[in-house]
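Colleague: If it helps, the file is called upload37.pdb and holds PDB, C-alpha atoms:
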```
MODEL        1
ATOM      1  CA  MET A 134     -15.304 -15.150   3.118  1.00  0.00           C
ATOM      2  CA  ASN A 135     -14.813 -17.655   5.929  1.00  0.00           C
ATOM      3  CA  ASN A 136     -13.501 -20.488   3.867  1.00  0.00           C
ATOM      4  CA  VAL A 137      -9.854 -21.096   3.320  1.00  0.00           C
ATOM      5  CA  VAL A 138      -8.845 -21.519  -0.308  1.00  0.00           C
ATOM      6  CA  VAL A 139      -6.039 -24.041  -0.703  1.00  0.00           C
ATOM      7  CA  ARG A 140      -4.220 -24.771  -3.946  1.00  0.00           C
ATOM      8  CA  ASP A 141      -1.198 -26.850  -4.835  1.00  0.00           C
ATOM      9  CA  TYR A 142       0.903 -26.493  -7.950  1.00  0.00           C
ATOM     10  CA  SER A 143       3.796 -28.424  -9.324  1.00  0.00           C
ATOM     11  CA  ILE A 144       6.751 -26.349 -10.552  1.00  0.00           C
ATOM     12  CA  PRO A 145       8.710 -28.148 -13.280  1.00  0.00           C
ATOM     13  CA  ALA A 146      12.506 -27.883 -13.447  1.00  0.00           C
ATOM     14  CA  ASN A 147      14.046 -25.674 -16.137  1.00  0.00           C
ATOM     15  CA  ASP A 148      10.793 -25.375 -18.076  1.00  0.00           C
ATOM     16  CA  PHE A 149      10.328 -21.739 -18.949  1.00  0.00           C
ATOM     17  CA  THR A 150       7.327 -22.422 -21.170  1.00  0.00           C
ATOM     18  CA  ILE A 151       5.136 -22.830 -18.100  1.00  0.00           C
ATOM     19  CA  ALA A 152       7.181 -20.968 -15.488  1.00  0.00           C
ATOM     20  CA  GLY A 153       4.933 -18.420 -13.844  1.00  0.00           C
ATOM     21  CA  GLU A 154       1.706 -20.361 -14.379  1.00  0.00           C
ATOM     22  CA  ALA A 155       1.190 -20.917 -10.636  1.00  0.00           C
ATOM     23  CA  SER A 156       1.670 -17.195  -9.918  1.00  0.00           C
ATOM     24  CA  SER A 157      -0.638 -16.311 -12.775  1.00  0.00           C
ATOM     25  CA  SER A 158      -3.317 -18.641 -11.420  1.00  0.00           C
ATOM     26  CA  VAL A 159      -3.029 -17.192  -7.892  1.00  0.00           C
ATOM     27  CA  ARG A 160      -3.201 -13.688  -9.314  1.00  0.00           C
ATOM     28  CA  LYS A 161      -6.480 -14.601 -10.998  1.00  0.00           C
ATOM     29  CA  ILE A 162      -7.944 -16.053  -7.787  1.00  0.00           C
ATOM     30  CA  LEU A 163      -7.025 -12.943  -5.774  1.00  0.00           C
ATOM     31  CA  SER A 164      -8.510 -10.609  -8.385  1.00  0.00           C
ATOM     32  CA  GLN A 165     -11.699 -12.665  -8.481  1.00  0.00           C
ATOM     33  CA  ILE A 166     -12.223 -12.488  -4.713  1.00  0.00           C
ATOM     34  CA  GLY A 167     -11.806  -8.713  -4.779  1.00  0.00           C
ATOM     35  CA  VAL A 168      -8.340  -8.234  -3.264  1.00  0.00           C
ATOM     36  CA  THR A 169      -7.005  -4.728  -4.022  1.00  0.00           C
ATOM     37  CA  PRO A 170      -4.791  -4.372  -7.134  1.00  0.00           C
ATOM     38  CA  ASP A 171      -1.800  -3.281  -5.034  1.00  0.00           C
ATOM     39  CA  VAL A 172      -1.937  -6.446  -2.930  1.00  0.00           C
ATOM     40  CA  VAL A 173      -2.498  -8.593  -6.019  1.00  0.00           C
ATOM     41  CA  LYS A 174       0.610  -7.066  -7.600  1.00  0.00           C
ATOM     42  CA  ARG A 175       2.775  -7.485  -4.490  1.00  0.00           C
ATOM     43  CA  THR A 176       1.678 -11.089  -4.096  1.00  0.00           C
ATOM     44  CA  SER A 177       2.192 -11.922  -7.775  1.00  0.00           C
ATOM     45  CA  ILE A 178       5.688 -10.439  -7.873  1.00  0.00           C
ATOM     46  CA  ALA A 179       6.808 -12.189  -4.680  1.00  0.00           C
ATOM     47  CA  MET A 180       5.367 -15.517  -5.798  1.00  0.00           C
ATOM     48  CA  TYR A 181       6.704 -15.265  -9.363  1.00  0.00           C
ATOM     49  CA  GLU A 182      10.236 -14.611  -8.080  1.00  0.00           C
ATOM     50  CA  ALA A 183      10.049 -17.622  -5.757  1.00  0.00           C
ATOM     51  CA  GLU A 184       8.594 -19.769  -8.519  1.00  0.00           C
ATOM     52  CA  ILE A 185      11.321 -18.753 -10.966  1.00  0.00           C
ATOM     53  CA  ASN A 186      13.962 -19.459  -8.315  1.00  0.00           C
ATOM     54  CA  ALA A 187      12.606 -22.997  -7.948  1.00  0.00           C
ATOM     55  CA  VAL A 188      12.675 -23.434 -11.753  1.00  0.00           C
ATOM     56  CA  ILE A 189      16.222 -22.092 -12.139  1.00  0.00           C
ATOM     57  CA  HIS A 190      17.981 -23.186  -8.963  1.00  0.00           C
ATOM     58  CA  GLY A 191      15.864 -25.835  -7.276  1.00  0.00           C
ATOM     59  CA  ASN A 192      15.306 -28.427 -10.031  1.00  0.00           C
ATOM     60  CA  GLY A 193      11.634 -27.531  -9.810  1.00  0.00           C
ATOM     61  CA  GLY A 194       9.428 -27.964  -6.775  1.00  0.00           C
ATOM     62  CA  GLN A 195       5.988 -27.373  -5.335  1.00  0.00           C
ATOM     63  CA  ALA A 196       3.868 -24.345  -4.538  1.00  0.00           C
ATOM     64  CA  HIS A 197       1.239 -24.506  -1.804  1.00  0.00           C
ATOM     65  CA  ILE A 198      -1.041 -21.568  -1.122  1.00  0.00           C
ATOM     66  CA  GLU A 199      -3.649 -20.834   1.530  1.00  0.00           C
ATOM     67  CA  ILE A 200      -5.959 -17.838   1.303  1.00  0.00           C
ATOM     68  CA  ASP A 201      -8.238 -16.764   4.151  1.00  0.00           C
ATOM     69  CA  GLU A 202     -10.149 -13.537   4.673  1.00  0.00           C
ATOM     70  CA  ASN A 203      -7.070 -11.652   5.897  1.00  0.00           C
ATOM     71  CA  LYS A 204      -4.071 -12.945   4.044  1.00  0.00           C
ATOM     72  CA  ILE A 205      -2.402 -15.270   1.605  1.00  0.00           C
ATOM     73  CA  LEU A 206       0.330 -17.677   2.643  1.00  0.00           C
ATOM     74  CA  ILE A 207       2.562 -19.009  -0.130  1.00  0.00           C
ATOM     75  CA  ILE A 208       4.968 -21.871   0.499  1.00  0.00           C
ATOM     76  CA  ILE A 209       7.358 -22.741  -2.308  1.00  0.00           C
ATOM     77  CA  SER A 210       9.644 -25.649  -1.720  1.00  0.00           C
ATOM     78  CA  ASP A 211      12.246 -27.499  -3.704  1.00  0.00           C
ATOM     79  CA  GLN A 212      14.560 -30.429  -3.133  1.00  0.00           C
ATOM     80  CA  GLY A 213      17.432 -28.727  -4.934  1.00  0.00           C
ATOM     81  CA  PRO A 214      20.986 -27.941  -3.836  1.00  0.00           C
ATOM     82  CA  GLY A 215      19.992 -25.461  -1.117  1.00  0.00           C
ATOM     83  CA  ILE A 216      21.643 -22.093  -0.443  1.00  0.00           C
ATOM     84  CA  ALA A 217      25.117 -22.288   1.084  1.00  0.00           C
ATOM     85  CA  ASP A 218      25.366 -18.652   2.184  1.00  0.00           C
ATOM     86  CA  LEU A 219      21.940 -17.151   2.736  1.00  0.00           C
ATOM     87  CA  ASP A 220      23.215 -13.679   3.714  1.00  0.00           C
ATOM     88  CA  LEU A 221      25.119 -13.504   0.441  1.00  0.00           C
ATOM     89  CA  ALA A 222      22.125 -14.783  -1.546  1.00  0.00           C
ATOM     90  CA  MET A 223      19.935 -12.096   0.014  1.00  0.00           C
ATOM     91  CA  GLN A 224      22.293  -9.368  -1.215  1.00  0.00           C
ATOM     92  CA  GLU A 225      20.880  -7.452  -4.143  1.00  0.00           C
ATOM     93  CA  GLY A 226      22.989  -8.124  -7.231  1.00  0.00           C
ATOM     94  CA  TYR A 227      24.422 -11.472  -6.096  1.00  0.00           C
ATOM     95  CA  SER A 228      23.430 -14.348  -8.350  1.00  0.00           C
ATOM     96  CA  THR A 229      24.635 -17.847  -9.165  1.00  0.00           C
ATOM     97  CA  ALA A 230      22.511 -18.078 -12.333  1.00  0.00           C
ATOM     98  CA  PRO A 231      24.409 -19.358 -15.402  1.00  0.00           C
ATOM     99  CA  ASP A 232      24.760 -17.312 -18.614  1.00  0.00           C
ATOM    100  CA  SER A 233      21.951 -19.229 -20.343  1.00  0.00           C
ATOM    101  CA  ILE A 234      19.570 -17.972 -17.652  1.00  0.00           C
ATOM    102  CA  ARG A 235      20.933 -14.431 -17.775  1.00  0.00           C
ATOM    103  CA  GLU A 236      20.342 -14.316 -21.515  1.00  0.00           C
ATOM    104  CA  MET A 237      16.636 -14.751 -20.800  1.00  0.00           C
ATOM    105  CA  GLY A 238      16.663 -11.690 -18.553  1.00  0.00           C
ATOM    106  CA  PHE A 239      16.944 -13.460 -15.210  1.00  0.00           C
ATOM    107  CA  GLY A 240      19.914 -13.655 -12.881  1.00  0.00           C
ATOM    108  CA  ALA A 241      19.978 -10.014 -11.789  1.00  0.00           C
ATOM    109  CA  GLY A 242      20.379 -11.174  -8.218  1.00  0.00           C
ATOM    110  CA  MET A 243      17.188  -9.416  -7.247  1.00  0.00           C
ATOM    111  CA  GLY A 244      14.845 -12.349  -6.747  1.00  0.00           C
ATOM    112  CA  LEU A 245      15.112 -12.772  -2.993  1.00  0.00           C
ATOM    113  CA  SER A 246      15.301  -9.043  -2.294  1.00  0.00           C
ATOM    114  CA  ASN A 247      12.246  -8.519  -4.503  1.00  0.00           C
ATOM    115  CA  ILE A 248      10.345 -11.096  -2.468  1.00  0.00           C
ATOM    116  CA  LYS A 249      11.406  -9.410   0.781  1.00  0.00           C
ATOM    117  CA  LYS A 250      10.349  -6.016  -0.564  1.00  0.00           C
ATOM    118  CA  HIS A 251       6.895  -7.129  -1.660  1.00  0.00           C
ATOM    119  CA  ALA A 252       5.948  -9.606   1.086  1.00  0.00           C
ATOM    120  CA  ASP A 253       4.708  -8.672   4.551  1.00  0.00           C
ATOM    121  CA  VAL A 254       6.379 -11.710   6.101  1.00  0.00           C
ATOM    122  CA  PHE A 255       9.189 -13.605   4.398  1.00  0.00           C
ATOM    123  CA  GLU A 256      11.071 -16.568   5.758  1.00  0.00           C
ATOM    124  CA  ILE A 257      13.514 -19.025   4.164  1.00  0.00           C
ATOM    125  CA  LYS A 258      14.538 -22.439   5.361  1.00  0.00           C
ATOM    126  CA  THR A 259      17.411 -23.936   3.441  1.00  0.00           C
ATOM    127  CA  ALA A 260      19.961 -26.707   3.831  1.00  0.00           C
ATOM    128  CA  VAL A 261      22.737 -27.655   1.435  1.00  0.00           C
ATOM    129  CA  ASN A 262      21.853 -30.760  -0.605  1.00  0.00           C
ATOM    130  CA  GLU A 263      18.386 -30.899   0.942  1.00  0.00           C
ATOM    131  CA  GLY A 264      16.534 -27.991  -0.611  1.00  0.00           C
ATOM    132  CA  THR A 265      14.942 -24.663   0.079  1.00  0.00           C
ATOM    133  CA  THR A 266      11.506 -23.625   1.285  1.00  0.00           C
ATOM    134  CA  VAL A 267      10.284 -20.039   1.227  1.00  0.00           C
ATOM    135  CA  TYR A 268       7.292 -18.796   3.190  1.00  0.00           C
ATOM    136  CA  ILE A 269       5.642 -15.624   1.923  1.00  0.00           C
ATOM    137  CA  THR A 270       2.699 -13.944   3.633  1.00  0.00           C
ATOM    138  CA  VAL A 271       0.861 -10.938   2.245  1.00  0.00           C
ATOM    139  CA  PHE A 272      -1.919  -9.314   4.266  1.00  0.00           C
ATOM    140  CA  PHE A 273      -4.929  -7.941   2.434  1.00  0.00           C
ATOM    141  CA  LYS A 274      -5.231  -4.906   4.697  1.00  0.00           C
ATOM    142  CA  PRO A 275      -2.371  -2.849   6.129  1.00  0.00           C
ATOM    143  CA  VAL A 276      -1.202  -4.305   9.427  1.00  0.00           C
ATOM    144  CA  LYS A 277      -1.278  -1.830  12.302  1.00  0.00           C
ATOM    145  CA  ASN A 278       1.974  -1.515  14.232  1.00  0.00           C
TER     146      ASN A 278
ATOM    147  CA  MET B 253      -4.043   8.290 -24.495  1.00  0.00           C
ATOM    148  CA  THR B 254      -4.816   4.714 -25.514  1.00  0.00           C
ATOM    149  CA  VAL B 255      -2.363   2.113 -26.805  1.00  0.00           C
ATOM    150  CA  ASN B 256      -4.045   2.366 -30.192  1.00  0.00           C
ATOM    151  CA  GLU B 257      -3.729   6.151 -30.341  1.00  0.00           C
ATOM    152  CA  ILE B 258      -0.048   6.207 -29.412  1.00  0.00           C
ATOM    153  CA  SER B 259       0.653   3.319 -31.804  1.00  0.00           C
ATOM    154  CA  GLN B 260      -0.912   5.275 -34.676  1.00  0.00           C
ATOM    155  CA  LYS B 261       0.922   8.426 -33.737  1.00  0.00           C
ATOM    156  CA  LEU B 262       4.372   6.873 -33.342  1.00  0.00           C
ATOM    157  CA  ASP B 263       3.917   4.235 -36.022  1.00  0.00           C
ATOM    158  CA  PHE B 264       4.186   1.114 -33.847  1.00  0.00           C
ATOM    159  CA  LYS B 265       3.275  -2.193 -35.400  1.00  0.00           C
ATOM    160  CA  ILE B 266       0.709  -4.227 -33.480  1.00  0.00           C
ATOM    161  CA  ILE B 267       1.835  -7.844 -33.161  1.00  0.00           C
ATOM    162  CA  ALA B 268      -0.622  -9.061 -30.519  1.00  0.00           C
ATOM    163  CA  GLY B 269      -3.743  -7.451 -29.087  1.00  0.00           C
ATOM    164  CA  THR B 270      -7.419  -7.189 -29.993  1.00  0.00           C
ATOM    165  CA  SER B 271      -9.096  -3.855 -30.819  1.00  0.00           C
ATOM    166  CA  GLU B 272     -10.775  -4.032 -27.425  1.00  0.00           C
ATOM    167  CA  LEU B 273      -7.431  -4.473 -25.628  1.00  0.00           C
ATOM    168  CA  LEU B 274      -5.911  -1.586 -27.575  1.00  0.00           C
ATOM    169  CA  THR B 275      -8.232   0.847 -25.787  1.00  0.00           C
ATOM    170  CA  LYS B 276      -6.073   0.364 -22.654  1.00  0.00           C
ATOM    171  CA  ASN B 277      -4.773   3.618 -21.267  1.00  0.00           C
ATOM    172  CA  VAL B 278      -1.062   4.489 -21.442  1.00  0.00           C
ATOM    173  CA  SER B 279       0.280   6.520 -18.536  1.00  0.00           C
ATOM    174  CA  GLY B 280       4.050   6.123 -18.728  1.00  0.00           C
ATOM    175  CA  VAL B 281       7.049   4.386 -20.212  1.00  0.00           C
ATOM    176  CA  TYR B 282       9.788   2.225 -18.717  1.00  0.00           C
ATOM    177  CA  THR B 283      12.654   0.303 -20.231  1.00  0.00           C
ATOM    178  CA  CYS B 284      14.667  -2.479 -18.620  1.00  0.00           C
ATOM    179  CA  ASP B 285      15.805  -5.935 -19.701  1.00  0.00           C
ATOM    180  CA  MET B 286      16.422  -7.452 -16.277  1.00  0.00           C
ATOM    181  CA  LEU B 287      13.105  -9.120 -15.582  1.00  0.00           C
ATOM    182  CA  SER B 288      13.208  -8.895 -11.781  1.00  0.00           C
ATOM    183  CA  TYR B 289      14.073  -5.239 -11.981  1.00  0.00           C
ATOM    184  CA  ALA B 290      11.346  -4.573 -14.544  1.00  0.00           C
ATOM    185  CA  MET B 291       8.852  -6.451 -12.422  1.00  0.00           C
ATOM    186  CA  ALA B 292       9.588  -4.222  -9.443  1.00  0.00           C
ATOM    187  CA  LYS B 293       9.629  -0.985 -11.418  1.00  0.00           C
ATOM    188  CA  VAL B 294       7.140  -1.180 -14.277  1.00  0.00           C
ATOM    189  CA  ASN B 295       3.926   0.564 -13.241  1.00  0.00           C
ATOM    190  CA  GLN B 296       0.405  -0.224 -14.257  1.00  0.00           C
ATOM    191  CA  GLY B 297      -0.284   1.577 -17.554  1.00  0.00           C
ATOM    192  CA  ASP B 298       3.368   1.833 -18.586  1.00  0.00           C
ATOM    193  CA  ILE B 299       4.638   0.933 -22.015  1.00  0.00           C
ATOM    194  CA  TRP B 300       7.423  -1.521 -21.172  1.00  0.00           C
ATOM    195  CA  ILE B 301      10.265  -1.546 -23.674  1.00  0.00           C
ATOM    196  CA  THR B 302      12.439  -4.661 -23.707  1.00  0.00           C
ATOM    197  CA  VAL B 303      14.677  -6.500 -26.168  1.00  0.00           C
ATOM    198  CA  HIS B 304      13.614  -9.858 -24.742  1.00  0.00           C
ATOM    199  CA  THR B 305      11.073 -11.762 -26.787  1.00  0.00           C
ATOM    200  CA  ASN B 306      10.896 -14.989 -24.792  1.00  0.00           C
ATOM    201  CA  LEU B 307       7.804 -16.289 -22.993  1.00  0.00           C
ATOM    202  CA  ASN B 308       8.848 -14.810 -19.662  1.00  0.00           C
ATOM    203  CA  VAL B 309       8.166 -11.251 -20.813  1.00  0.00           C
ATOM    204  CA  ILE B 310       4.483 -12.153 -21.151  1.00  0.00           C
ATOM    205  CA  ALA B 311       4.404 -13.259 -17.511  1.00  0.00           C
ATOM    206  CA  VAL B 312       6.124 -10.055 -16.383  1.00  0.00           C
ATOM    207  CA  ALA B 313       3.779  -7.872 -18.462  1.00  0.00           C
ATOM    208  CA  SER B 314       0.801  -9.689 -17.076  1.00  0.00           C
ATOM    209  CA  LEU B 315       1.978  -9.484 -13.452  1.00  0.00           C
ATOM    210  CA  THR B 316       2.781  -5.761 -13.655  1.00  0.00           C
ATOM    211  CA  ASP B 317      -0.404  -4.774 -15.541  1.00  0.00           C
ATOM    212  CA  CYS B 318       1.645  -2.694 -17.943  1.00  0.00           C
ATOM    213  CA  ALA B 319      -0.244  -1.195 -20.897  1.00  0.00           C
ATOM    214  CA  CYS B 320       1.801  -3.182 -23.413  1.00  0.00           C
ATOM    215  CA  ILE B 321       5.210  -4.566 -24.343  1.00  0.00           C
ATOM    216  CA  LEU B 322       7.145  -2.633 -26.984  1.00  0.00           C
ATOM    217  CA  ILE B 323       9.997  -4.437 -28.755  1.00  0.00           C
ATOM    218  CA  PRO B 324      12.579  -2.055 -30.287  1.00  0.00           C
ATOM    219  CA  ASP B 325      14.948  -2.381 -33.269  1.00  0.00           C
ATOM    220  CA  ASN B 326      12.533  -4.596 -35.216  1.00  0.00           C
ATOM    221  CA  ILE B 327      13.680  -7.595 -33.171  1.00  0.00           C
ATOM    222  CA  GLU B 328      11.962 -10.742 -34.325  1.00  0.00           C
ATOM    223  CA  ILE B 329       9.388 -12.198 -31.946  1.00  0.00           C
ATOM    224  CA  TYR B 330       8.924 -15.946 -31.469  1.00  0.00           C
ATOM    225  CA  ASN B 331       5.536 -17.304 -32.572  1.00  0.00           C
ATOM    226  CA  GLN B 332       5.217 -19.053 -29.235  1.00  0.00           C
ATOM    227  CA  THR B 333       5.481 -15.665 -27.493  1.00  0.00           C
ATOM    228  CA  ILE B 334       2.814 -14.129 -29.739  1.00  0.00           C
ATOM    229  CA  GLU B 335       0.491 -17.055 -29.057  1.00  0.00           C
ATOM    230  CA  ARG B 336       1.030 -16.720 -25.303  1.00  0.00           C
ATOM    231  CA  ALA B 337       0.419 -12.959 -25.500  1.00  0.00           C
ATOM    232  CA  ASN B 338      -2.924 -13.547 -27.210  1.00  0.00           C
ATOM    233  CA  GLU B 339      -3.825 -16.173 -24.649  1.00  0.00           C
ATOM    234  CA  LYS B 340      -2.943 -13.903 -21.686  1.00  0.00           C
ATOM    235  CA  GLU B 341      -4.365 -10.757 -23.328  1.00  0.00           C
ATOM    236  CA  VAL B 342      -1.026  -8.975 -23.420  1.00  0.00           C
ATOM    237  CA  ILE B 343      -0.404  -6.421 -26.179  1.00  0.00           C
ATOM    238  CA  ILE B 344       2.886  -6.608 -28.091  1.00  0.00           C
ATOM    239  CA  LEU B 345       4.036  -3.737 -30.295  1.00  0.00           C
ATOM    240  CA  THR B 346       7.213  -3.401 -32.342  1.00  0.00           C
ATOM    241  CA  SER B 347       9.186  -0.529 -33.817  1.00  0.00           C
ATOM    242  CA  GLY B 348      12.358  -0.132 -35.858  1.00  0.00           C
ATOM    243  CA  LYS B 349      13.661   2.513 -33.469  1.00  0.00           C
ATOM    244  CA  SER B 350      15.983   2.010 -30.509  1.00  0.00           C
ATOM    245  CA  ALA B 351      14.795   1.835 -26.895  1.00  0.00           C
ATOM    246  CA  ALA B 352      16.307   5.261 -26.204  1.00  0.00           C
ATOM    247  CA  GLU B 353      14.539   6.893 -29.161  1.00  0.00           C
ATOM    248  CA  LEU B 354      11.274   5.230 -28.190  1.00  0.00           C
ATOM    249  CA  CYS B 355      11.499   6.410 -24.567  1.00  0.00           C
ATOM    250  CA  TYR B 356      12.101   9.948 -25.793  1.00  0.00           C
ATOM    251  CA  GLU B 357       9.220   9.907 -28.262  1.00  0.00           C
ATOM    252  CA  ILE B 358       6.734   8.271 -25.901  1.00  0.00           C
ATOM    253  CA  TYR B 359       7.639  10.591 -23.039  1.00  0.00           C
ATOM    254  CA  LYS B 360       7.279  13.620 -25.307  1.00  0.00           C
ATOM    255  CA  THR B 361       3.911  12.433 -26.613  1.00  0.00           C
ATOM    256  CA  LEU B 362       2.506  11.627 -23.166  1.00  0.00           C
ATOM    257  CA  LYS B 363       3.652  14.944 -21.701  1.00  0.00           C
ATOM    258  CA  ASP B 364       2.347  16.769 -24.778  1.00  0.00           C
ATOM    259  CA  LEU B 365       5.707  18.508 -25.302  1.00  0.00           C
TER     260      LEU B 365
ENDMDL
END
```
Would you mind writing the file's structure down as structure tokens?
Modeller:
Amino acid sequence: MNNVVVRDYSIPANDFTIAGEASSSVRKILSQIGVTPDVVKRTSIAMYEAEINAVIHGNGGQAHIEIDENKILIIISDQGPGIADLDLAMQEGYSTAPDSIREMGFGAGMGLSNIKKHADVFEIKTAVNEGTTVYITVFFKPVKN
Amino acid sequence: MTVNEISQKLDFKIIAGTSELLTKNVSGVYTCDMLSYAMAKVNQGDIWITVHTNLNVIAVASLTDCACILIPDNIEIYNQTIERANEKEVIILTSGKSAAELCYEIYKTLKDL
């Protein structure tokens, strides 16, 4: 496969009826092009967490993905409130999600650490009152050190 | 053991899932209601027990490739969730027993104890 597959998705704010649709669509694409189940799972989990974060915290946003023969790059951006203390936000168990979100089973404070755990490369750019963008890369084959 | 076989044996009610889907293999059981945690820990082929019945559990089940979702304590399931499960080919089962009892029974059955 020499072509690059590019897709863009809109992530609506606070709409849990379609939250996860972008991740689900990407999962389908990766399975169809023969990416191994382990990589499909890691990618789906990392992307779903980022997508849900944009739904819950970012007033919605956009997902942009690029797939080439070696990897998938996922960029999820929002124009929400941004993250004031990124080190704190990265800590497992820390969450600013309200009770209504926790009642749905979210807000464990594991989203960002789950992304870090499942991605090969993970980067966040965030600024208060401007928004947050996360960059997730997953390689299709193990990267040699 | 398939989802259908274990459902018959332990008397689970099938809420969503075609006969073809019910031939999926069950290899383990996991229970957790924090979705991020479940997503990281549920393995392919697991029966995932959760008290949540909102649409998000369908996404988590689908992303983890679990064998099925099992809802304990006869908790009522939203129609919207059942429709989404059918659409995404996710099996939903229910039981009147608690999550703890279900874990015990499923584990015992799978390990042939």
Colleague: Pull out every residue of chain A sitting within 7 Å of chain B, counting all atoms listed in the file, and send them as a JSON list (two decimals) with C-alpha atoms, in the frame of the given file.
Modeller:
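Printed below is selection05.json as written:
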```json
[["chain", "number", "residue", "atom", "x", "y", "z"],
["A", 150, "THR", "CA", 7.33, -22.42, -21.17],
["A", 153, "GLY", "CA", 4.93, -18.42, -13.84],
["A", 174, "LYS", "CA", 0.61, -7.07, -7.60],
["A", 177, "SER", "CA", 2.19, -11.92, -7.78],
["A", 178, "ILE", "CA", 5.69, -10.44, -7.87],
["A", 237, "MET", "CA", 16.64, -14.75, -20.80],
["A", 238, "GLY", "CA", 16.66, -11.69, -18.55],
["A", 239, "PHE", "CA", 16.94, -13.46, -15.21],
["A", 241, "ALA", "CA", 19.98, -10.01, -11.79],
["A", 243, "MET", "CA", 17.19, -9.42, -7.25],
["A", 244, "GLY", "CA", 14.84, -12.35, -6.75]]
```
Colleague: What is the distance, in Å and to one decimal place, between atom CA of A:Leu163 and atom CA of A:His197?
Modeller: 14.8 Å
Colleague: When you look at B:Ala268 with a cut-off of 12 Å (counting only C-alpha atoms), what residues show up, excluding the ones that are within fewer than 4 positions of it in the same chain? I need them as a VMD selection string.
Modeller: chain B and resid 255 to 256 264 272 to 274 310 320 to 323 329 to 346
Colleague: As a PyMOL selection string, please: the residues near A:Val188 (cut-off 10 Å, only C-alpha atoms, same-chain neighbours under 2 positions excluded).
Modeller: chain A and resi 144-149+151-153+182-186+190-194+211+213
Colleague: Between atom CA of A:Gln224 and atom CA of B:Thr283, what is the spacing in Å?
Modeller: 23.4 Å
Colleague: Fewer than 2 positions away in the same chain doesn't count, so skip those; otherwise give me all residues within 8 Å of B:Gly348, counting only C-alpha atoms, as a PyMOL selection string.
Modeller: chain B and resi 324-326+346+350
Colleague: Got a sec: who's within 7 Å of stretch 215-222 of chain A, counting only C-alpha atoms, leaving out chain neighbours fewer than 6 positions off, as a PyMOL selection string?
Modeller: chain A and resi 228+259-265
Colleague: Figure out the distance between atom CA of A:Leu245 and atom CA of A:Glu199, please, to one decimal in Å.
Modeller: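 According to the coordinates, atom CA of A:Glu199 and atom CA of A:Leu245 are separated by 20.9 Å.
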Colleague: Counting all atoms listed in the file, I want the residues whose atoms come within 10 Å of (3.4, 12.3, -25.2) in the file frame, returned as number ranges by chain.
Modeller: B: 253, 258, 261-262, 278-280, 356-365
Colleague: Go through A:Ala252, A:Ile234, A:Ile269, A:Ala155 and flag the residue nearest A:Asp171, using only C-alpha atoms for the distances.
Modeller: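 Once distances to A:Asp171 are computed over only C-alpha atoms, the minimum belongs to A:Ala252.
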Colleague: Could you tell me which of A:Ile200, A:Val138, A:Ile162, A:Ala230 comes closest to A:Ala187 if we count only C-alpha atoms?
Modeller: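 Closest to A:Ala187 of all the choices is A:Ala230.
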Colleague: With distances taken over all atoms listed in the file, which residue among A:Ser156, A:Asn136, A:Phe273, A:Tyr142 lies nearest A:Gln195?
Modeller: A:Tyr142
Colleague: So, with all atoms listed in the file as the atoms that count, which of A:Ala196, A:Ile248, A:Val137, A:Ile257 lies closest to A:Thr176?
Modeller: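 Ranking A:Ala196, A:Ile248, A:Val137, A:Ile257 by distance to A:Thr176, first place goes to A:Ile248.
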Colleague: Point out the residue among A:Ile189, A:Ile208, A:Asn203, A:Asp253 with the least atom-to-atom distance to A:Arg235, counting all atoms listed in the file.
Modeller: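 Result for the nearest residue to A:Arg235: A:Ile189.
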Colleague: In terms of the shortest atom-to-atom distance over only C-alpha atoms, which of A:Met223, A:Val271, A:Ala179, A:Val254 is closest to A:Ile209?
Modeller: A:Ala179
Colleague: Report as number ranges by chain the residues that result from applying the PyMOL selection byres ((chain B and resi 282) around 8) to the structure here.
Modeller: B: 280-281, 283-284, 293-294, 298-301, 355
